[in-house]
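Enquirer: PDB, C-alpha atoms and all ligand atoms, file work-v1.pdb:
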```pdb
MODEL        1
ATOM      1  CA  ASP A   1     -13.159  13.833  -9.000  1.00  0.00           C
ATOM      2  CA  ALA A   2     -10.648  12.688  -6.353  1.00  0.00           C
ATOM      3  CA  ILE A   3     -11.896  11.118  -3.141  1.00  0.00           C
ATOM      4  CA  VAL A   4      -9.744  12.453  -0.298  1.00  0.00           C
ATOM      5  CA  LEU A   5      -8.958   9.697   2.231  1.00  0.00           C
ATOM      6  CA  PHE A   6      -6.721  11.805   4.484  1.00  0.00           C
ATOM      7  CA  ASP A   7      -6.486  15.584   4.408  1.00  0.00           C
ATOM      8  CA  GLY A   8      -4.189  16.058   7.378  1.00  0.00           C
ATOM      9  CA  LYS A   9      -6.925  16.439   9.986  1.00  0.00           C
ATOM     10  CA  ASP A  10      -8.523  13.161  10.988  1.00  0.00           C
ATOM     11  CA  LEU A  11      -8.975   9.461  10.234  1.00  0.00           C
ATOM     12  CA  SER A  12     -12.745   9.652   9.778  1.00  0.00           C
ATOM     13  CA  LYS A  13     -12.541   7.753   6.451  1.00  0.00           C
ATOM     14  CA  TRP A  14     -10.706   4.870   8.162  1.00  0.00           C
ATOM     15  CA  GLN A  15     -11.473   2.188  10.714  1.00  0.00           C
ATOM     16  CA  SER A  16      -9.614  -0.390  12.747  1.00  0.00           C
ATOM     17  CA  MET A  17      -9.430  -3.933  11.327  1.00  0.00           C
ATOM     18  CA  LYS A  18     -10.364  -5.013  14.840  1.00  0.00           C
ATOM     19  CA  GLY A  19     -13.509  -2.843  14.696  1.00  0.00           C
ATOM     20  CA  GLY A  20     -14.119   0.716  15.826  1.00  0.00           C
ATOM     21  CA  ALA A  21     -12.213   3.913  15.143  1.00  0.00           C
ATOM     22  CA  ALA A  22      -8.756   3.896  13.532  1.00  0.00           C
ATOM     23  CA  PRO A  23      -6.356   4.003  16.508  1.00  0.00           C
ATOM     24  CA  TRP A  24      -3.326   5.560  14.799  1.00  0.00           C
ATOM     25  CA  LYS A  25      -1.921   8.954  15.838  1.00  0.00           C
ATOM     26  CA  VAL A  26      -2.731  12.123  13.880  1.00  0.00           C
ATOM     27  CA  GLU A  27      -0.420  15.128  14.258  1.00  0.00           C
ATOM     28  CA  ASN A  28       0.985  18.008  12.194  1.00  0.00           C
ATOM     29  CA  GLY A  29      -0.812  17.033   8.995  1.00  0.00           C
ATOM     30  CA  TYR A  30       0.202  13.386   8.967  1.00  0.00           C
ATOM     31  CA  PHE A  31      -0.746  10.203  10.768  1.00  0.00           C
ATOM     32  CA  GLN A  32       1.569   7.583  12.205  1.00  0.00           C
ATOM     33  CA  VAL A  33       1.303   3.859  12.816  1.00  0.00           C
ATOM     34  CA  VAL A  34       0.880   3.119  16.512  1.00  0.00           C
ATOM     35  CA  PRO A  35       2.723  -0.220  16.770  1.00  0.00           C
ATOM     36  CA  GLY A  36       0.607  -3.075  18.037  1.00  0.00           C
ATOM     37  CA  THR A  37      -2.769  -1.461  17.358  1.00  0.00           C
ATOM     38  CA  GLY A  38      -3.291  -3.382  14.115  1.00  0.00           C
ATOM     39  CA  ASP A  39      -3.989  -2.514  10.496  1.00  0.00           C
ATOM     40  CA  ILE A  40      -6.474   0.137   9.440  1.00  0.00           C
ATOM     41  CA  GLU A  41      -8.717   0.130   6.372  1.00  0.00           C
ATOM     42  CA  THR A  42     -11.017   2.507   4.554  1.00  0.00           C
ATOM     43  CA  LYS A  43     -14.686   2.336   5.446  1.00  0.00           C
ATOM     44  CA  GLU A  44     -15.505   2.564   1.766  1.00  0.00           C
ATOM     45  CA  LYS A  45     -14.699  -0.223  -0.708  1.00  0.00           C
ATOM     46  CA  PHE A  46     -13.138   0.328  -4.113  1.00  0.00           C
ATOM     47  CA  GLY A  47     -12.424  -1.561  -7.330  1.00  0.00           C
ATOM     48  CA  ALA A  48     -10.140  -0.047  -9.979  1.00  0.00           C
ATOM     49  CA  ILE A  49      -8.410   3.036  -8.600  1.00  0.00           C
ATOM     50  CA  GLN A  50      -5.612   5.516  -9.011  1.00  0.00           C
ATOM     51  CA  LEU A  51      -3.996   6.136  -5.608  1.00  0.00           C
ATOM     52  CA  HIS A  52      -1.756   8.966  -4.462  1.00  0.00           C
ATOM     53  CA  LEU A  53      -0.166   8.514  -1.049  1.00  0.00           C
ATOM     54  CA  GLU A  54       2.850   9.985   0.753  1.00  0.00           C
ATOM     55  CA  TRP A  55       4.880   8.175   3.412  1.00  0.00           C
ATOM     56  CA  SER A  56       7.900   8.839   5.550  1.00  0.00           C
ATOM     57  CA  GLU A  57      10.210   6.400   7.315  1.00  0.00           C
ATOM     58  CA  PRO A  58      11.311   6.692  10.960  1.00  0.00           C
ATOM     59  CA  THR A  59      14.550   8.596  11.519  1.00  0.00           C
ATOM     60  CA  PRO A  60      17.011   7.656  12.824  1.00  0.00           C
ATOM     61  CA  PRO A  61      16.351   4.201  11.345  1.00  0.00           C
ATOM     62  CA  HIS A  62      15.972   1.186  13.611  1.00  0.00           C
ATOM     63  CA  GLY A  63      16.304  -2.488  12.742  1.00  0.00           C
ATOM     64  CA  THR A  64      17.407  -4.201   9.574  1.00  0.00           C
ATOM     65  CA  SER A  65      15.810  -5.936   6.593  1.00  0.00           C
ATOM     66  CA  GLN A  66      12.038  -6.375   7.114  1.00  0.00           C
ATOM     67  CA  ALA A  67      12.206  -4.820  10.590  1.00  0.00           C
ATOM     68  CA  ARG A  68      13.148  -1.361   9.274  1.00  0.00           C
ATOM     69  CA  GLY A  69      10.169   0.903   8.629  1.00  0.00           C
ATOM     70  CA  ASN A  70       7.869  -1.849   7.424  1.00  0.00           C
ATOM     71  CA  SER A  71       4.270  -1.053   6.558  1.00  0.00           C
ATOM     72  CA  GLY A  72       2.258  -1.613   3.405  1.00  0.00           C
ATOM     73  CA  VAL A  73      -0.627  -0.604   1.196  1.00  0.00           C
ATOM     74  CA  PHE A  74      -3.132  -3.374   0.458  1.00  0.00           C
ATOM     75  CA  PHE A  75      -5.527  -3.059  -2.464  1.00  0.00           C
ATOM     76  CA  GLN A  76      -8.898  -4.710  -1.909  1.00  0.00           C
ATOM     77  CA  GLY A  77      -7.456  -5.422   1.533  1.00  0.00           C
ATOM     78  CA  LYS A  78      -5.465  -8.320  -0.014  1.00  0.00           C
ATOM     79  CA  TYR A  79      -2.651  -7.309  -2.367  1.00  0.00           C
ATOM     80  CA  GLU A  80       0.302  -5.544  -0.769  1.00  0.00           C
ATOM     81  CA  ILE A  81       2.563  -2.921  -2.247  1.00  0.00           C
ATOM     82  CA  GLN A  82       5.407  -2.938   0.251  1.00  0.00           C
ATOM     83  CA  VAL A  83       6.329   0.100   2.314  1.00  0.00           C
ATOM     84  CA  LEU A  84       9.821  -0.314   3.774  1.00  0.00           C
ATOM     85  CA  ASP A  85      12.914   1.760   4.471  1.00  0.00           C
ATOM     86  CA  SER A  86      14.992   0.322   1.615  1.00  0.00           C
ATOM     87  CA  TYR A  87      17.520   3.168   1.769  1.00  0.00           C
ATOM     88  CA  HIS A  88      20.814   1.365   2.397  1.00  0.00           C
ATOM     89  CA  ASN A  89      18.873  -1.551   3.860  1.00  0.00           C
ATOM     90  CA  ILE A  90      19.279  -4.947   2.224  1.00  0.00           C
ATOM     91  CA  THR A  91      16.407  -7.420   2.250  1.00  0.00           C
ATOM     92  CA  TYR A  92      15.066 -10.082  -0.100  1.00  0.00           C
ATOM     93  CA  PRO A  93      14.208  -8.744  -3.586  1.00  0.00           C
ATOM     94  CA  ASP A  94      10.422  -9.046  -3.520  1.00  0.00           C
ATOM     95  CA  GLY A  95      10.291  -7.640   0.014  1.00  0.00           C
ATOM     96  CA  GLN A  96      11.762  -4.222  -0.863  1.00  0.00           C
ATOM     97  CA  ALA A  97       9.899  -0.937  -0.958  1.00  0.00           C
ATOM     98  CA  GLY A  98       7.960  -0.763  -4.215  1.00  0.00           C
ATOM     99  CA  ALA A  99       7.615  -4.557  -4.431  1.00  0.00           C
ATOM    100  CA  VAL A 100       4.380  -6.376  -4.993  1.00  0.00           C
ATOM    101  CA  TYR A 101       5.180  -8.187  -1.779  1.00  0.00           C
ATOM    102  CA  GLY A 102       6.320 -11.763  -2.350  1.00  0.00           C
ATOM    103  CA  GLN A 103       5.644 -11.531  -6.095  1.00  0.00           C
ATOM    104  CA  HIS A 104       7.544  -8.793  -7.969  1.00  0.00           C
ATOM    105  CA  PRO A 105      10.660  -6.863  -6.881  1.00  0.00           C
ATOM    106  CA  PRO A 106      10.635  -3.169  -7.839  1.00  0.00           C
ATOM    107  CA  LEU A 107      12.270  -2.345 -11.194  1.00  0.00           C
ATOM    108  CA  VAL A 108      14.682  -0.034  -9.363  1.00  0.00           C
ATOM    109  CA  ASN A 109      15.355   1.185  -5.837  1.00  0.00           C
ATOM    110  CA  ALA A 110      13.818   4.677  -5.815  1.00  0.00           C
ATOM    111  CA  CYS A 111      13.962   5.252  -2.040  1.00  0.00           C
ATOM    112  CA  ARG A 112      14.706   8.568  -0.395  1.00  0.00           C
ATOM    113  CA  PRO A 113      16.465   8.678   2.995  1.00  0.00           C
ATOM    114  CA  PRO A 114      14.402   8.064   6.134  1.00  0.00           C
ATOM    115  CA  GLY A 115      12.608  11.171   7.363  1.00  0.00           C
ATOM    116  CA  GLU A 116      11.974  12.517   3.846  1.00  0.00           C
ATOM    117  CA  TRP A 117       8.484  12.356   2.373  1.00  0.00           C
ATOM    118  CA  GLN A 118       8.118   9.851  -0.467  1.00  0.00           C
ATOM    119  CA  THR A 119       5.268   9.421  -2.929  1.00  0.00           C
ATOM    120  CA  TYR A 120       3.418   6.464  -4.341  1.00  0.00           C
ATOM    121  CA  ASP A 121       1.256   6.955  -7.424  1.00  0.00           C
ATOM    122  CA  ILE A 122      -0.404   3.656  -8.180  1.00  0.00           C
ATOM    123  CA  ALA A 123      -2.917   2.334 -10.717  1.00  0.00           C
ATOM    124  CA  PHE A 124      -4.673  -0.861  -9.634  1.00  0.00           C
ATOM    125  CA  THR A 125      -7.256  -2.948 -11.470  1.00  0.00           C
ATOM    126  CA  PRO A 126      -8.960  -5.863  -9.702  1.00  0.00           C
ATOM    127  CA  ALA A 127      -9.225  -9.390 -11.027  1.00  0.00           C
ATOM    128  CA  ILE A 128     -12.225 -10.201 -13.181  1.00  0.00           C
ATOM    129  CA  TRP A 129     -13.971 -13.452 -12.342  1.00  0.00           C
ATOM    130  CA  GLN A 130     -16.003 -15.769 -14.531  1.00  0.00           C
ATOM    131  CA  GLY A 131     -17.715 -18.880 -13.183  1.00  0.00           C
ATOM    132  CA  GLY A 132     -15.644 -18.881  -9.994  1.00  0.00           C
ATOM    133  CA  GLN A 133     -12.325 -18.653 -11.899  1.00  0.00           C
ATOM    134  CA  VAL A 134     -10.002 -15.713 -12.481  1.00  0.00           C
ATOM    135  CA  HIS A 135     -10.665 -14.649 -16.062  1.00  0.00           C
ATOM    136  CA  ILE A 136      -8.305 -11.650 -16.016  1.00  0.00           C
ATOM    137  CA  PRO A 137      -5.875 -11.227 -13.094  1.00  0.00           C
ATOM    138  CA  ALA A 138      -5.409  -8.027 -11.124  1.00  0.00           C
ATOM    139  CA  TYR A 139      -2.701  -5.651 -12.345  1.00  0.00           C
ATOM    140  CA  VAL A 140      -0.768  -2.860 -10.708  1.00  0.00           C
ATOM    141  CA  SER A 141       1.543  -0.073 -11.888  1.00  0.00           C
ATOM    142  CA  VAL A 142       3.531   1.909  -9.336  1.00  0.00           C
ATOM    143  CA  PHE A 143       5.531   5.125  -9.484  1.00  0.00           C
ATOM    144  CA  GLN A 144       7.657   5.774  -6.391  1.00  0.00           C
ATOM    145  CA  ASN A 145       8.887   9.356  -6.190  1.00  0.00           C
ATOM    146  CA  GLY A 146       8.001   9.718  -9.883  1.00  0.00           C
ATOM    147  CA  VAL A 147      10.069   6.671 -10.881  1.00  0.00           C
ATOM    148  CA  LEU A 148       8.370   3.629 -12.417  1.00  0.00           C
ATOM    149  CA  VAL A 149       8.907   0.629 -10.112  1.00  0.00           C
ATOM    150  CA  GLN A 150       6.038  -1.667 -11.233  1.00  0.00           C
ATOM    151  CA  ASN A 151       4.947  -1.654 -14.875  1.00  0.00           C
ATOM    152  CA  HIS A 152       1.551  -3.313 -15.287  1.00  0.00           C
ATOM    153  CA  SER A 153       2.628  -6.165 -13.018  1.00  0.00           C
ATOM    154  CA  GLU A 154       0.331  -9.168 -12.821  1.00  0.00           C
ATOM    155  CA  ILE A 155      -0.844  -9.986  -9.317  1.00  0.00           C
ATOM    156  CA  TYR A 156      -0.788 -13.746  -8.675  1.00  0.00           C
ATOM    157  CA  GLY A 157      -3.143 -13.695  -5.705  1.00  0.00           C
ATOM    158  CA  ALA A 158      -3.571 -12.451  -2.158  1.00  0.00           C
ATOM    159  CA  THR A 159      -0.300 -11.516  -0.458  1.00  0.00           C
ATOM    160  CA  GLU A 160       1.393 -14.476   1.223  1.00  0.00           C
ATOM    161  CA  GLN A 161       5.033 -15.094   2.005  1.00  0.00           C
ATOM    162  CA  ILE A 162       5.195 -18.121  -0.309  1.00  0.00           C
ATOM    163  CA  LEU A 163       2.185 -19.110  -2.413  1.00  0.00           C
ATOM    164  CA  PRO A 164      -0.185 -16.328  -3.415  1.00  0.00           C
ATOM    165  CA  ARG A 165      -3.680 -17.503  -4.268  1.00  0.00           C
ATOM    166  CA  TYR A 166      -6.817 -15.789  -5.423  1.00  0.00           C
ATOM    167  CA  ASN A 167      -9.854 -16.107  -3.228  1.00  0.00           C
ATOM    168  CA  PRO A 168     -13.186 -15.737  -5.031  1.00  0.00           C
ATOM    169  CA  ASP A 169     -14.664 -14.152  -1.900  1.00  0.00           C
ATOM    170  CA  VAL A 170     -12.640 -11.013  -2.598  1.00  0.00           C
ATOM    171  CA  GLY A 171     -15.071  -9.992  -5.314  1.00  0.00           C
ATOM    172  CA  SER A 172     -14.693  -6.831  -7.350  1.00  0.00           C
ATOM    173  CA  VAL A 173     -14.292  -4.253  -4.592  1.00  0.00           C
ATOM    174  CA  GLY A 174     -12.549  -4.018  -1.228  1.00  0.00           C
ATOM    175  CA  PRO A 175     -11.107  -1.539   1.249  1.00  0.00           C
ATOM    176  CA  LEU A 176      -7.712   0.099   1.006  1.00  0.00           C
ATOM    177  CA  ARG A 177      -5.700  -1.220   3.961  1.00  0.00           C
ATOM    178  CA  LEU A 178      -2.553   0.073   5.656  1.00  0.00           C
ATOM    179  CA  GLN A 179      -0.303  -2.299   7.592  1.00  0.00           C
ATOM    180  CA  ASP A 180       0.840  -2.082  11.196  1.00  0.00           C
ATOM    181  CA  HIS A 181       4.134  -3.980  11.030  1.00  0.00           C
ATOM    182  CA  HIS A 182       5.206  -2.580  14.427  1.00  0.00           C
ATOM    183  CA  ASN A 183       7.153   0.351  12.963  1.00  0.00           C
ATOM    184  CA  PRO A 184       6.020   4.020  13.347  1.00  0.00           C
ATOM    185  CA  VAL A 185       5.754   4.869   9.622  1.00  0.00           C
ATOM    186  CA  ARG A 186       3.987   8.144   8.738  1.00  0.00           C
ATOM    187  CA  TYR A 187       1.429   8.847   6.023  1.00  0.00           C
ATOM    188  CA  ARG A 188      -0.135  11.984   4.596  1.00  0.00           C
ATOM    189  CA  ASN A 189      -2.005  13.372   1.589  1.00  0.00           C
ATOM    190  CA  ILE A 190      -3.932  10.271   0.510  1.00  0.00           C
ATOM    191  CA  TRP A 191      -6.445  10.451  -2.302  1.00  0.00           C
ATOM    192  CA  ILE A 192      -7.847   8.132  -4.915  1.00  0.00           C
ATOM    193  CA  ARG A 193      -9.677   8.393  -8.192  1.00  0.00           C
ATOM    194  CA  GLU A 194     -11.948   5.607  -9.300  1.00  0.00           C
ATOM    195  CA  ILE A 195     -10.990   4.339 -12.769  1.00  0.00           C
ATOM    196  CA  LYS A 196     -14.198   4.151 -14.732  1.00  0.00           C
ATOM    197  CA  PRO A 197     -14.678   1.959 -17.783  1.00  0.00           C
ATOM    198  CA  VAL A 198     -14.502   3.740 -21.116  1.00  0.00           C
ATOM    199  CA  SER A 199     -18.088   4.025 -22.337  1.00  0.00           C
TER     200      SER A 199
HETATM  201 MG    MG A 201       4.783  -4.655   4.727  1.00  0.00          MG
ENDMDL
END
```
Kindly transcribe the structure held in the file into structure tokens.

Expert:
Amino acid sequence: DAIVLFDGKDLSKWQSMKGGAAPWKVENGYFQVVPGTGDIETKEKFGAIQLHLEWSEPTPPHGTSQARGNSGVFFQGKYEIQVLDSYHNITYPDGQAGAVYGQHPPLVNACRPPGEWQTYDIAFTPAIWQGGQVHIPAYVSVFQNGVLVQNHSEIYGATEQILPRYNPDVGSVGPLRLQDHHNPVRYRNIWIREIKPVS
């Protein structure tokens, strides 16, 4: 029942945040951020999902801290799980790879060296709203390379550097978004499964 979002061939399931086709580069079974072209997002919108995604950091590495291999995976287009080259690269705790950016550092640094493929397996459930208020917040669990780095972490709101806030306009579904942070990070083998309520 998986929905394949990238099978190594094309970005037909994705679009530019600026409108039009996704402008990132596809080659050899992966695609790569083209710095400066902006974020891309899925055409389809999702609520609760399981995500599998593989990513690889530029080698040799360039830059330090947040400038080294920065990208990100945004659920509902709003809540970022950080993608960063955190292999021998110090940055602030909740800005590391595997962080809920600006909210929760990863439980452990599970990074492989740049140039090696890494995996994210993520379960995300959106916030549930009642009368314009968050009734139940969004939650996320993340395995990086098979290692638990977020264990049912509460999401405090849309990703901001300082004060995350929920915006009722987000609703119950949204696109999956990938960040152009001006570093040529690669992605491949992306699929999701929608988490259906137990009936
Ligand atoms: Mg990022």

Enquirer: I want to know what sits within 12 Å of A:Val83, based on only C-alpha atoms, with residues of the same chain fewer than 4 positions away left out; could you give that as a PyMOL selection string?

Expert: chain A and resi 53-58+66-74+87+94-101+106+110-111+114+118-120+144+178-181+183-187

Enquirer: Those same residues, written as a short mmCIF file (atom, residue, chain, number, x, y, z; two decimals), keeping the file's coordinate frame with C-alpha atoms?

Expert:
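To be explicit, this is the file written out as out_21.cif:
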```
data_model
loop_
_atom_site.label_atom_id
_atom_site.label_comp_id
_atom_site.auth_asym_id
_atom_site.auth_seq_id
_atom_site.Cartn_x
_atom_site.Cartn_y
_atom_site.Cartn_z
CA LEU A 53 -0.17 8.51 -1.05
CA GLU A 54 2.85 9.98 0.75
CA TRP A 55 4.88 8.18 3.41
CA SER A 56 7.90 8.84 5.55
CA GLU A 57 10.21 6.40 7.32
CA PRO A 58 11.31 6.69 10.96
CA GLN A 66 12.04 -6.38 7.11
CA ALA A 67 12.21 -4.82 10.59
CA ARG A 68 13.15 -1.36 9.27
CA GLY A 69 10.17 0.90 8.63
CA ASN A 70 7.87 -1.85 7.42
CA SER A 71 4.27 -1.05 6.56
CA GLY A 72 2.26 -1.61 3.40
CA VAL A 73 -0.63 -0.60 1.20
CA PHE A 74 -3.13 -3.37 0.46
CA TYR A 87 17.52 3.17 1.77
CA ASP A 94 10.42 -9.05 -3.52
CA GLY A 95 10.29 -7.64 0.01
CA GLN A 96 11.76 -4.22 -0.86
CA ALA A 97 9.90 -0.94 -0.96
CA GLY A 98 7.96 -0.76 -4.22
CA ALA A 99 7.62 -4.56 -4.43
CA VAL A 100 4.38 -6.38 -4.99
CA TYR A 101 5.18 -8.19 -1.78
CA PRO A 106 10.64 -3.17 -7.84
CA ALA A 110 13.82 4.68 -5.82
CA CYS A 111 13.96 5.25 -2.04
CA PRO A 114 14.40 8.06 6.13
CA GLN A 118 8.12 9.85 -0.47
CA THR A 119 5.27 9.42 -2.93
CA TYR A 120 3.42 6.46 -4.34
CA GLN A 144 7.66 5.77 -6.39
CA LEU A 178 -2.55 0.07 5.66
CA GLN A 179 -0.30 -2.30 7.59
CA ASP A 180 0.84 -2.08 11.20
CA HIS A 181 4.13 -3.98 11.03
CA ASN A 183 7.15 0.35 12.96
CA PRO A 184 6.02 4.02 13.35
CA VAL A 185 5.75 4.87 9.62
CA ARG A 186 3.99 8.14 8.74
CA TYR A 187 1.43 8.85 6.02
#
```

Enquirer: Between A:Val170, A:Ile90, A:Leu148, A:Leu163, which residue has the minimum interatomic distance to A:Trp129, considering only C-alpha atoms?

Expert: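 Of A:Val170, A:Ile90, A:Leu148, A:Leu163, the one nearest A:Trp129 is A:Val170, counting only C-alpha atoms.
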
Enquirer: Would you list the contacts of A:Arg165 as a PyMOL selection string, taking every protein, DNA or RNA residue within 10 Å and counting all atoms listed in the file, but skipping same-chain residues closer than 6 positions in sequence?

Expert: chain A and resi 155-159

Enquirer: Specify as a PDB file with C-alpha atoms, in the frame of the given file each residue included when the PyMOL selection byres (((chain A and resi 40-47) around 10) and not hetatm) is applied to this file.

Expert:
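The result, written out as selection_19.pdb:
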```pdb
ATOM      1  CA  LEU A   5      -8.958   9.697   2.231  1.00  0.00           C
ATOM      2  CA  LEU A  11      -8.975   9.461  10.234  1.00  0.00           C
ATOM      3  CA  SER A  12     -12.745   9.652   9.778  1.00  0.00           C
ATOM      4  CA  LYS A  13     -12.541   7.753   6.451  1.00  0.00           C
ATOM      5  CA  TRP A  14     -10.706   4.870   8.162  1.00  0.00           C
ATOM      6  CA  GLN A  15     -11.473   2.188  10.714  1.00  0.00           C
ATOM      7  CA  SER A  16      -9.614  -0.390  12.747  1.00  0.00           C
ATOM      8  CA  MET A  17      -9.430  -3.933  11.327  1.00  0.00           C
ATOM      9  CA  LYS A  18     -10.364  -5.013  14.840  1.00  0.00           C
ATOM     10  CA  GLY A  19     -13.509  -2.843  14.696  1.00  0.00           C
ATOM     11  CA  GLY A  20     -14.119   0.716  15.826  1.00  0.00           C
ATOM     12  CA  ALA A  21     -12.213   3.913  15.143  1.00  0.00           C
ATOM     13  CA  ALA A  22      -8.756   3.896  13.532  1.00  0.00           C
ATOM     14  CA  PRO A  23      -6.356   4.003  16.508  1.00  0.00           C
ATOM     15  CA  TRP A  24      -3.326   5.560  14.799  1.00  0.00           C
ATOM     16  CA  VAL A  33       1.303   3.859  12.816  1.00  0.00           C
ATOM     17  CA  THR A  37      -2.769  -1.461  17.358  1.00  0.00           C
ATOM     18  CA  GLY A  38      -3.291  -3.382  14.115  1.00  0.00           C
ATOM     19  CA  ASP A  39      -3.989  -2.514  10.496  1.00  0.00           C
ATOM     20  CA  ALA A  48     -10.140  -0.047  -9.979  1.00  0.00           C
ATOM     21  CA  ILE A  49      -8.410   3.036  -8.600  1.00  0.00           C
ATOM     22  CA  GLN A  50      -5.612   5.516  -9.011  1.00  0.00           C
ATOM     23  CA  VAL A  73      -0.627  -0.604   1.196  1.00  0.00           C
ATOM     24  CA  PHE A  74      -3.132  -3.374   0.458  1.00  0.00           C
ATOM     25  CA  PHE A  75      -5.527  -3.059  -2.464  1.00  0.00           C
ATOM     26  CA  GLN A  76      -8.898  -4.710  -1.909  1.00  0.00           C
ATOM     27  CA  GLY A  77      -7.456  -5.422   1.533  1.00  0.00           C
ATOM     28  CA  PHE A 124      -4.673  -0.861  -9.634  1.00  0.00           C
ATOM     29  CA  THR A 125      -7.256  -2.948 -11.470  1.00  0.00           C
ATOM     30  CA  PRO A 126      -8.960  -5.863  -9.702  1.00  0.00           C
ATOM     31  CA  ALA A 127      -9.225  -9.390 -11.027  1.00  0.00           C
ATOM     32  CA  GLY A 171     -15.071  -9.992  -5.314  1.00  0.00           C
ATOM     33  CA  SER A 172     -14.693  -6.831  -7.350  1.00  0.00           C
ATOM     34  CA  VAL A 173     -14.292  -4.253  -4.592  1.00  0.00           C
ATOM     35  CA  GLY A 174     -12.549  -4.018  -1.228  1.00  0.00           C
ATOM     36  CA  PRO A 175     -11.107  -1.539   1.249  1.00  0.00           C
ATOM     37  CA  LEU A 176      -7.712   0.099   1.006  1.00  0.00           C
ATOM     38  CA  ARG A 177      -5.700  -1.220   3.961  1.00  0.00           C
ATOM     39  CA  LEU A 178      -2.553   0.073   5.656  1.00  0.00           C
ATOM     40  CA  GLN A 179      -0.303  -2.299   7.592  1.00  0.00           C
ATOM     41  CA  ASP A 180       0.840  -2.082  11.196  1.00  0.00           C
ATOM     42  CA  ILE A 192      -7.847   8.132  -4.915  1.00  0.00           C
ATOM     43  CA  ARG A 193      -9.677   8.393  -8.192  1.00  0.00           C
ATOM     44  CA  GLU A 194     -11.948   5.607  -9.300  1.00  0.00           C
ATOM     45  CA  ILE A 195     -10.990   4.339 -12.769  1.00  0.00           C
ATOM     46  CA  LYS A 196     -14.198   4.151 -14.732  1.00  0.00           C
TER      47      LYS A 196
END
```

Enquirer: Mind giving me the straight-line distance from atom CA of A:Gly8 to atom CA of A:His182 in Å, one decimal?

Expert: 22.0 Å

Enquirer: Rounded to one decimal in Å, what is the spacing between atom CA of A:Ser153 and atom CA of A:Phe31?

Expert: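 These two atoms are separated by 29.1 Å.
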
Enquirer: So which residues touch A:Gln150 within 7 Å, counting all atoms listed in the file, skipping near sequence neighbours fewer than 6 positions away, as a JSON list (two decimals) with C-alpha atoms, in the frame of the given file?

Expert:
```json
[["chain", "number", "residue", "atom", "x", "y", "z"],
["A", 106, "PRO", "CA", 10.64, -3.17, -7.84],
["A", 107, "LEU", "CA", 12.27, -2.35, -11.19],
["A", 140, "VAL", "CA", -0.77, -2.86, -10.71],
["A", 141, "SER", "CA", 1.54, -0.07, -11.89],
["A", 142, "VAL", "CA", 3.53, 1.91, -9.34]]
```

Enquirer: I need the residue nearest ligand MG 201 (chain A) from this list: A:Pro113, A:Pro61, A:Gly36, A:Gly102. Use all atoms listed in the file for the distance.

Expert: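 Once distances to ligand MG 201 (chain A) are computed over all atoms listed in the file, the minimum belongs to A:Gly102.
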
Enquirer: Could you check the closest approach to A:Glu160 for each of A:Tyr92, A:Trp117, A:Trp191, A:Tyr79 and tell me which residue wins, using all atoms listed in the file?

Expert: A:Tyr79

Enquirer: Using only C-alpha atoms, which of A:Ala123, A:Ala138, A:Ile162, A:Ile81 sits nearest A:Leu51?

Expert: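 Of A:Ala123, A:Ala138, A:Ile162, A:Ile81, the one nearest A:Leu51, counting only C-alpha atoms, is A:Ala123.
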
Enquirer: Pick from A:Gly63, A:Pro197, A:Pro137, A:Pro168: nearest to A:Asn89, with all atoms listed in the file counted?

Expert: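 When distances to A:Asn89 are compared using all atoms listed in the file, the smallest one comes from A:Gly63.
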